[in-house]
Amino acid sequence: MLDLLWLVPALPLAGALALLAGALRFGKRTTTAIGVGSAGLTLAAVAAILVQYAGMHGETVARHVFNWISAGDVTVDFALRLDPLSAVMLSFVTLVGFVIHVYSIGYMHTEGDRAYARFFAYLNLFMFAMLTLVLGANLVVMFIGWEGVGLCSYLLIGFYFDKEYCAAAGIKAFVVNRIGDFGFLLAIFWAFKVFGTVDFAGMATALAADPGRYAAAVTPIALLLFVGAIGKSAQLPLYVWLPDAMAGPTPVSALIHAATMVTAGVYMVVRCNFIYRLSPTAMLVVAAVGGVTAIFAATIGLAQNDIKKVLAYSTVSQLGYMFLAAGAGAFAGGIFHVFTHAFFKACLFLGAGSVIHACSGEQDMRRMGGLAKKIPVTYWTFMVATLALCGIPPFAGFFSKDEILGRVFAAGAGNLNGFGASYLVLWALGLAAAFLTAFYMFRAVYMTFHGEFRGTPEQWHHVHESPGTMTWPLKILAAGSALVGLLGVGTAITFGTDLNWFESFLHRVAPTVEVEHAPALATEWVLILLSVAVALAGILLARRFYSGAEAFAAPQRMAERAPAVYAAVANKYYVDEAYDRAVVRPLGKLARFSWKGIDTIAIDGTLNASAFFTEIAGDLLRFLQTGNVRNYALFVLCGALAAAAWLLL
Amino acid sequence: MRADLIALLPELMLATLAMAVLLAGLASGKARHGLLGAGAVLALAATGVTLWLAAGATDPGAHFFSGMFVLDHFAIFFKALFLLTAALVVLLSHDYLKRNDYRPGEYLALVMFATVGMMTMASGVNLAVIYVGLELMALSTYILAGYFRREVKSHEAAAKYFVLGAMSSGILLYGLSLIYGATGTLDLATLARVLASAKPGPSALVGVALLACGFLFKVAAVPFHVWTPDVYEGAPTPITAFMSVGPKAAAFAMFLRVFIGGLAPLAASWIWLVGVAAALTMIWGNVAALTQDNVKRMLAYSSIAHAGYALVGLVAGGPAGVNSVLFYMLVYTVTNIGAFGFVILLESRGYAGETVADYAGLARRHPAAAFGMLLFMLSLGGIPPTAGFMGKLYLFAAAVNAGYVWLVVVAVLMSAVSLYYYLRIVLQMYLREGDGAEPATLVAAPWTERVIWACGVAVLVIGLLPAPFLAAARAMAGAVGLL
Amino acid sequence: MISTAHVLVLSLALFTLGVVGMAVRRNFITVLMCVELILNAANLNFIAFSRQLGDLTGQVFAVFVITIAAAEAAIGLGIIVALVRLKQTVNLDQVNVMEG
């Protein structure tokens, strides 16, 4: 079965080609059979391969598919590589991918046949590119997948191309990602020049044999690769495209912009951990960008009213956690968070899709409320995923987030690479972000599912639970969100017994960078309790502010009946007001500043300015192209004079 | 003598058949488009077969006509590429000429004569032979650019192309005369020997500079690119497609042969000149393309930029550099012919269908053709899995290995810039609806469509499985002595 | 005795006249004459060098160039005739529909 590894990317590609070959003229039934069928077959193939692989003790299996570029001293094979790291990625990419394909049957059923076929063709194409990215045995194959997922993302963000902002969002995603890809490409060239190969195994061998020889090249290569990761995984300062990317259909947001593609940057960093671990500077940069992004995006999440935007900023923030982990040397921990995040964030997005579906396309949480009664399945699955995201035990996010915070703290306390103080600061940022995460997620839950409905009566009348093709995926992902954390239970939680299957599985390809003095068990327990306490505090604060009955409705009734009682209630209201002044408004201001100030002015401004100057340059060149032959002749004459002068002098 | 004639047989045959097509065109009272077009394609195919036979019957290392002419692998590669280009252009022209009501006889004959000139350029190892081939190609294309004589733009293209082309070839010739005076030879191998043995004087250096100017003019490199946008815009579109690939590839063939071959001893002098020209060309071409609204004009600037990329390979030099230029020429040929094919398809009347806005909503109305154009734009932008990506990867890898990292940085940056204008067309096709009373539609042009399909398949196949093509290019560039 | 240097100075003068003329003259026919000046400047060089080197190649090449120049002039005149028919002018400054 391992020899059939090439089938894994080939199956979805075949699906996409079949849909395109049909010139997108198939009916919905045929499209579903091809599109979802190929995703199902891929899942089956991956399951068979992984079952066989499970007995191989984490060996690396490389399968050479064909000799791809071979000329002179440049040789690149189209080779696939199955090792514990790609096996983990493979498992959740295909599982979540398949589940989202199924979900899309229900979600996209109102589209026309052509759009439906186009959607599934893109989705299959995306699966192909993503699996190529994951399985690639060298940087070039990975880059092909990297560009491929970017292209599909761009096509799918602009899926509703009749809407202006969708097209604009697509362009924004594309432009921003080009900056990242530029770094990635330079890193590939650089690595090729230095190592003479871009094969992961080859580079790792070369580095292991003689680390001193490559000492000078390691940091720039690592940083350039990280530029690519920043673009793809939406980190500061290139995160701006991801919130806008929510213009695409919700299943796309769930699959591409939450569970799989955006984590490609983390995967790449972990994949190249043999480079990163040799460069303390690059490690610290990765951790710092991740940690700062985690808190930064979380503050913005506080001020959003669009349910998908909340989740988008949450994704940016969680991706920051993953980089924070990788930068602190917890490569397996970072991938573990990628893994659990795929389940609960996909579940949240699909839940949000179900809500939007129920509310006839409404995305603004200010016009929702009380939906729990009408769409219970969506509510409960959303709740499970939210608890997982907030890091409440025993849901999946608790284990992975705890692992990350624990490792970052250990890196700080153990003075990793001599940057101990920096890691401690990053740990504090991570802890604060955990508080904010719990707060904004429960704010979303209360605004959406609790209290009174704030939309129109027609909308309320229309609210209905989604069909089975949509609720079953939610249930599966919710079950995953609840359970997959048990694969990586931290050592401290089990009082020193090593049950962390996830980390030991990944140890061969992505060993954690151990610090000399690991914190004591008691310290670790304090950390665990602290992170749970912080999450609970966030939840309680959200409950106080946004579980509506006491805050809005009750004071008004009481004010009419009994002014005396009203004073007491009003007093409570003043407390809220004080909270509001002390916490929410400053946070809101900070959020607005981060959002408006940095996002709009600094980043959009830079993009616009560079576009502006290029246009000016273009106009200047147009001006030189006068249309007059004599001027052209003068050009040639001056050029000839310059060339002659150059060679003579 | 017999061996000489065998080596020259493909050119002789094509020239003879071109005259036959010319006469047949005059003889047929009413223009017989189908017959003449089929005749031209068959003539090109027959020349291809002859080329194959002649290559088999001669020794690739041998020199003919007193050492003026060779038929090595390098020449065979380029000749095959020229024949392919000419055949595709003839097919593209079929529906176009018919629709615009111009007689095909002279047109087809001129395309064939230009091809003979290009083939001669690829085989010449004597500057005189190369110059004669160059002029045959140039004179034929001057006329072709102005072939639509009732169109003001077409005529203007011919006038501008003629004036500037004549000027550049005059400068080139003057450079040749100086080199001849300084070294006493026009033979490339002798030239290399003489230049290697003695330090060249100033007159030889000026000669080389003027020669470089003439060559840079032919490949449309900055600052000798000024003619390109106007000529490409004005010329009949199939001729624009032809000029953007055929003569450009031929110019690169002679550029490689003369500079990497005969002038190699002076590399230290000219390499920076060409390197800076390459960088300027990439920057100028891409930046100027950004603000163009006319698609033909945009593609003209794009082709300037692509000449810059190919020059990077020339600067890199060595087997890998030459090899990468050959491969890039192949990639660029199929991509650009495909892209212009789409423009031809869209041109419903006269010069309509040329502005970017005309592409709005085409994906919905013509999904297959739009997908082809998407492929061509991605390939020009260098995005995998298309051929353009492979071509650039290989060019840049050669340059990095040769130590020209700064040039590759410029090239990669400018490739990123170029995506903006290539994707503008894709966006128009896929994301916009055609507004206005009369959205542009594709005209029925079966042969044009077939060419687009063929190019689209080639772009994908080369992009996904470049190994055999690269291997072919490497085998062809094997004798990198080029002399 | 006329030395090679004398011829070279003459040819350089002709070449300069030619290229500068092409850049400053408006009349298409004058421009065509400038082209001939450049080509014949090169021819003079070839012949002078041929005499100096005692090598016939230069002279033969000059004959080739004369032939090519004739073809070039014919095409140039053809384009001028078409210009006159289209616009009733030989002024190159009026050939400026396309720009930018």
# chains A, B, ... in the order shown; residues from 1 in each chain; ligands from 1
call {"tool": "closest_atom_pairs", "arguments": {"of": "chain B", "to": "chain C", "cutoff": "6 Å", "atoms": "only C-alpha atoms", "output": "Markdown table"}}
result
| residue | atom | partner | partner_atom | distance |
| --- | --- | --- | --- | --- |
| B:Glu156 | CA | C:Val95 | CA | 5.9 |
| B:Gly170 | CA | C:Leu39 | CA | 5.4 |
| B:Tyr174 | CA | C:Ala42 | CA | 4.7 |
| B:Ser177 | CA | C:Phe46 | CA | 5.4 |
| B:Gly181 | CA | C:Phe49 | CA | 5.2 |
| B:Asp230 | CA | C:Met98 | CA | 5.8 |
call {"tool": "write_last_selection", "arguments": {"atoms": "N, CA and C atoms", "output": "mmCIF file, in the first residue's frame"}}
result
data_model
loop_
_atom_site.group_PDB
_atom_site.id
_atom_site.type_symbol
_atom_site.label_atom_id
_atom_site.label_comp_id
_atom_site.auth_asym_id
_atom_site.auth_seq_id
_atom_site.Cartn_x
_atom_site.Cartn_y
_atom_site.Cartn_z
ATOM 1 N N GLU B 156 1.741 52.294 -39.611
ATOM 2 C CA GLU B 156 2.631 52.992 -38.691
ATOM 3 C C GLU B 156 3.634 52.023 -38.060
ATOM 4 N N GLY B 170 22.195 49.069 -39.159
ATOM 5 C CA GLY B 170 23.333 49.869 -39.595
ATOM 6 C C GLY B 170 24.382 49.955 -38.502
ATOM 7 N N TYR B 174 28.164 48.491 -38.639
ATOM 8 C CA TYR B 174 29.353 49.314 -38.390
ATOM 9 C C TYR B 174 30.227 48.642 -37.327
ATOM 10 N N SER B 177 32.139 45.928 -38.912
ATOM 11 C CA SER B 177 33.280 46.388 -39.699
ATOM 12 C C SER B 177 34.463 46.710 -38.783
ATOM 13 N N GLY B 181 38.058 44.927 -38.808
ATOM 14 C CA GLY B 181 39.310 45.675 -38.918
ATOM 15 C C GLY B 181 40.292 45.308 -37.823
ATOM 16 N N ASP B 230 4.917 49.927 -29.926
ATOM 17 C CA ASP B 230 4.176 50.462 -31.061
ATOM 18 C C ASP B 230 4.053 49.444 -32.184
#
call {"tool": "interface_residues", "arguments": {"of": "chain B", "to": "chain A", "cutoff": "6 Å", "atoms": "only C-alpha atoms", "output": "VMD selection string"}}
result
chain B and resid 206 209 213 223 to 224 226 287 to 288 291 431 467
call {"tool": "closest_residue", "arguments": {"among": "B:Ala159, B:Leu14, B:Leu164, B:Ala43", "to": "Val81 in chain C", "atoms": "only C-alpha atoms"}}
result
B:Ala159
call {"tool": "atom_distance", "arguments": {"atom1": "CA of Tyr440 in chain A", "atom2": "CA of Arg367 in chain A"}}
result
17.1 Å
call {"tool": "residues_around", "arguments": {"residues": "Ile130 in chain B", "least_positions_apart": "2", "cutoff": "12 Å", "atoms": "only C-alpha atoms", "output": "PyMOL selection string"}}
result
(chain B and resi 68-70+116-128+132-137+169+172-173+176+186-188+215+250-251+253-255+257-258) or (chain C and resi 61)
call {"tool": "select_by_dssp", "arguments": {"residues": "chain C", "states": "helix (DSSP H, G or I)", "output": "PyMOL selection string"}}
result
chain C and resi 4-24+28-53+57-87+92-94
call {"tool": "residues_around", "arguments": {"residues": "range 4-7 of chain A", "least_positions_apart": "2", "cutoff": "12 Å", "atoms": "only C-alpha atoms", "output": "PyMOL selection string"}}
result
chain A and resi 1-2+9-15+38-39+41-50+52-53+61-66+78-83+86-87+90+128+131-132+135-136
call {"tool": "write_last_selection", "arguments": {"atoms": "C-alpha atoms", "output": "short mmCIF file (atom, residue, chain, number, x, y, z; two decimals), in the first residue's frame"}}
result
data_model
loop_
_atom_site.label_atom_id
_atom_site.label_comp_id
_atom_site.auth_asym_id
_atom_site.auth_seq_id
_atom_site.Cartn_x
_atom_site.Cartn_y
_atom_site.Cartn_z
CA MET A 1 0.00 0.00 0.00
CA LEU A 2 2.90 2.38 0.70
CA PRO A 9 -2.59 13.51 -4.18
CA ALA A 10 -3.61 11.87 -7.45
CA LEU A 11 -7.16 10.99 -6.37
CA PRO A 12 -8.40 14.52 -5.67
CA LEU A 13 -6.54 15.74 -8.76
CA ALA A 14 -8.44 13.16 -10.79
CA GLY A 15 -11.67 14.44 -9.23
CA SER A 38 -12.79 11.48 -4.71
CA ALA A 39 -12.36 13.06 -1.27
CA LEU A 41 -11.49 7.65 -1.72
CA THR A 42 -8.56 9.79 -0.66
CA LEU A 43 -9.58 9.37 2.96
CA ALA A 44 -9.87 5.60 2.49
CA ALA A 45 -6.44 5.44 0.83
CA VAL A 46 -4.89 7.51 3.59
CA ALA A 47 -6.52 5.30 6.22
CA ALA A 48 -5.13 2.16 4.60
CA ILE A 49 -1.68 3.72 4.29
CA LEU A 50 -1.65 4.95 7.86
CA GLN A 52 0.19 -0.01 7.51
CA TYR A 53 2.46 2.85 8.54
CA VAL A 61 9.30 6.29 3.69
CA ALA A 62 10.36 8.16 0.56
CA ARG A 63 8.68 7.38 -2.73
CA HIS A 64 10.21 8.71 -5.89
CA VAL A 65 7.36 9.33 -8.33
CA PHE A 66 9.25 10.62 -11.32
CA PHE A 78 8.96 14.64 -7.72
CA ALA A 79 9.26 12.61 -4.56
CA LEU A 80 6.82 12.06 -1.73
CA ARG A 81 7.82 11.48 1.86
CA LEU A 82 5.82 9.76 4.55
CA ASP A 83 7.14 10.20 8.05
CA SER A 86 3.48 14.12 7.27
CA ALA A 87 1.41 11.21 8.59
CA LEU A 90 -2.21 13.65 6.25
CA PHE A 128 -4.50 17.88 -4.31
CA LEU A 131 -1.56 16.91 0.01
CA THR A 132 1.32 17.64 -2.36
CA LEU A 135 3.89 14.93 1.24
CA GLY A 136 6.59 16.77 -0.72
#
call {"tool": "residues_around", "arguments": {"residues": "Ser154 in chain B", "least_positions_apart": "2", "cutoff": "12 Å", "atoms": "only C-alpha atoms", "output": "NGL selection string"}}
result
(:B and (142-152 or 156-161 or 230-237 or 239-240 or 350-351)) or (:C and (79 or 82-83 or 86 or 95-98))
call {"tool": "write_last_selection", "arguments": {"atoms": "C-alpha atoms", "output": "PDB file, in the first residue's frame"}}
result
ATOM      1  CA  TYR B 142       9.032  44.931 -41.896  1.00  0.00           C
ATOM      2  CA  ILE B 143       6.638  44.103 -44.700  1.00  0.00           C
ATOM      3  CA  LEU B 144       4.583  41.736 -42.566  1.00  0.00           C
ATOM      4  CA  ALA B 145       4.147  44.376 -39.857  1.00  0.00           C
ATOM      5  CA  GLY B 146       2.585  46.674 -42.448  1.00  0.00           C
ATOM      6  CA  TYR B 147       0.703  43.972 -44.291  1.00  0.00           C
ATOM      7  CA  PHE B 148      -2.699  45.354 -43.358  1.00  0.00           C
ATOM      8  CA  ARG B 149      -2.002  48.394 -45.498  1.00  0.00           C
ATOM      9  CA  ARG B 150      -5.479  49.855 -45.142  1.00  0.00           C
ATOM     10  CA  GLU B 151      -5.013  50.118 -41.389  1.00  0.00           C
ATOM     11  CA  VAL B 152      -3.277  53.254 -40.131  1.00  0.00           C
ATOM     12  CA  GLU B 156       2.631  52.992 -38.691  1.00  0.00           C
ATOM     13  CA  ALA B 157       4.052  49.824 -37.173  1.00  0.00           C
ATOM     14  CA  ALA B 158       5.863  49.068 -40.415  1.00  0.00           C
ATOM     15  CA  ALA B 159       7.234  52.603 -40.705  1.00  0.00           C
ATOM     16  CA  LYS B 160       8.523  52.680 -37.147  1.00  0.00           C
ATOM     17  CA  TYR B 161       9.887  49.176 -37.311  1.00  0.00           C
ATOM     18  CA  ASP B 230       4.176  50.462 -31.061  1.00  0.00           C
ATOM     19  CA  VAL B 231       5.114  47.784 -33.556  1.00  0.00           C
ATOM     20  CA  TYR B 232       3.481  44.976 -31.602  1.00  0.00           C
ATOM     21  CA  GLU B 233       0.326  46.988 -31.140  1.00  0.00           C
ATOM     22  CA  GLY B 234       0.040  48.032 -34.762  1.00  0.00           C
ATOM     23  CA  ALA B 235       1.032  44.866 -36.567  1.00  0.00           C
ATOM     24  CA  PRO B 236      -1.599  42.288 -37.513  1.00  0.00           C
ATOM     25  CA  THR B 237      -1.962  40.160 -34.391  1.00  0.00           C
ATOM     26  CA  ILE B 239       2.431  38.772 -36.973  1.00  0.00           C
ATOM     27  CA  THR B 240       2.793  40.241 -33.516  1.00  0.00           C
ATOM     28  CA  GLY B 350     -10.790  45.505 -36.788  1.00  0.00           C
ATOM     29  CA  TYR B 351      -8.975  46.385 -33.617  1.00  0.00           C
TER      30      TYR B 351
ATOM     31  CA  ILE C  79       6.472  52.039 -46.990  1.00  0.00           C
ATOM     32  CA  ALA C  82       1.944  53.640 -48.607  1.00  0.00           C
ATOM     33  CA  LEU C  83       2.406  56.545 -46.186  1.00  0.00           C
ATOM     34  CA  LEU C  86      -2.695  56.989 -46.427  1.00  0.00           C
ATOM     35  CA  VAL C  95       3.271  58.814 -37.781  1.00  0.00           C
ATOM     36  CA  ASN C  96       2.257  58.967 -34.148  1.00  0.00           C
ATOM     37  CA  VAL C  97      -1.091  57.320 -33.581  1.00  0.00           C
ATOM     38  CA  MET C  98       0.375  54.878 -31.093  1.00  0.00           C
TER      39      MET C  98
END
call {"tool": "residues_around", "arguments": {"residues": "range 489-493 of chain A", "least_positions_apart": "4", "cutoff": "12 Å", "atoms": "only C-alpha atoms", "output": "PyMOL selection string"}}
result
chain A and resi 332-333+336+393-407+483-485+497-504+518-529
call {"tool": "closest_residue", "arguments": {"among": "C:Asp93, C:Val63, C:Ile2, C:Ile29", "to": "chain A", "atoms": "only C-alpha atoms"}}
result
C:Asp93
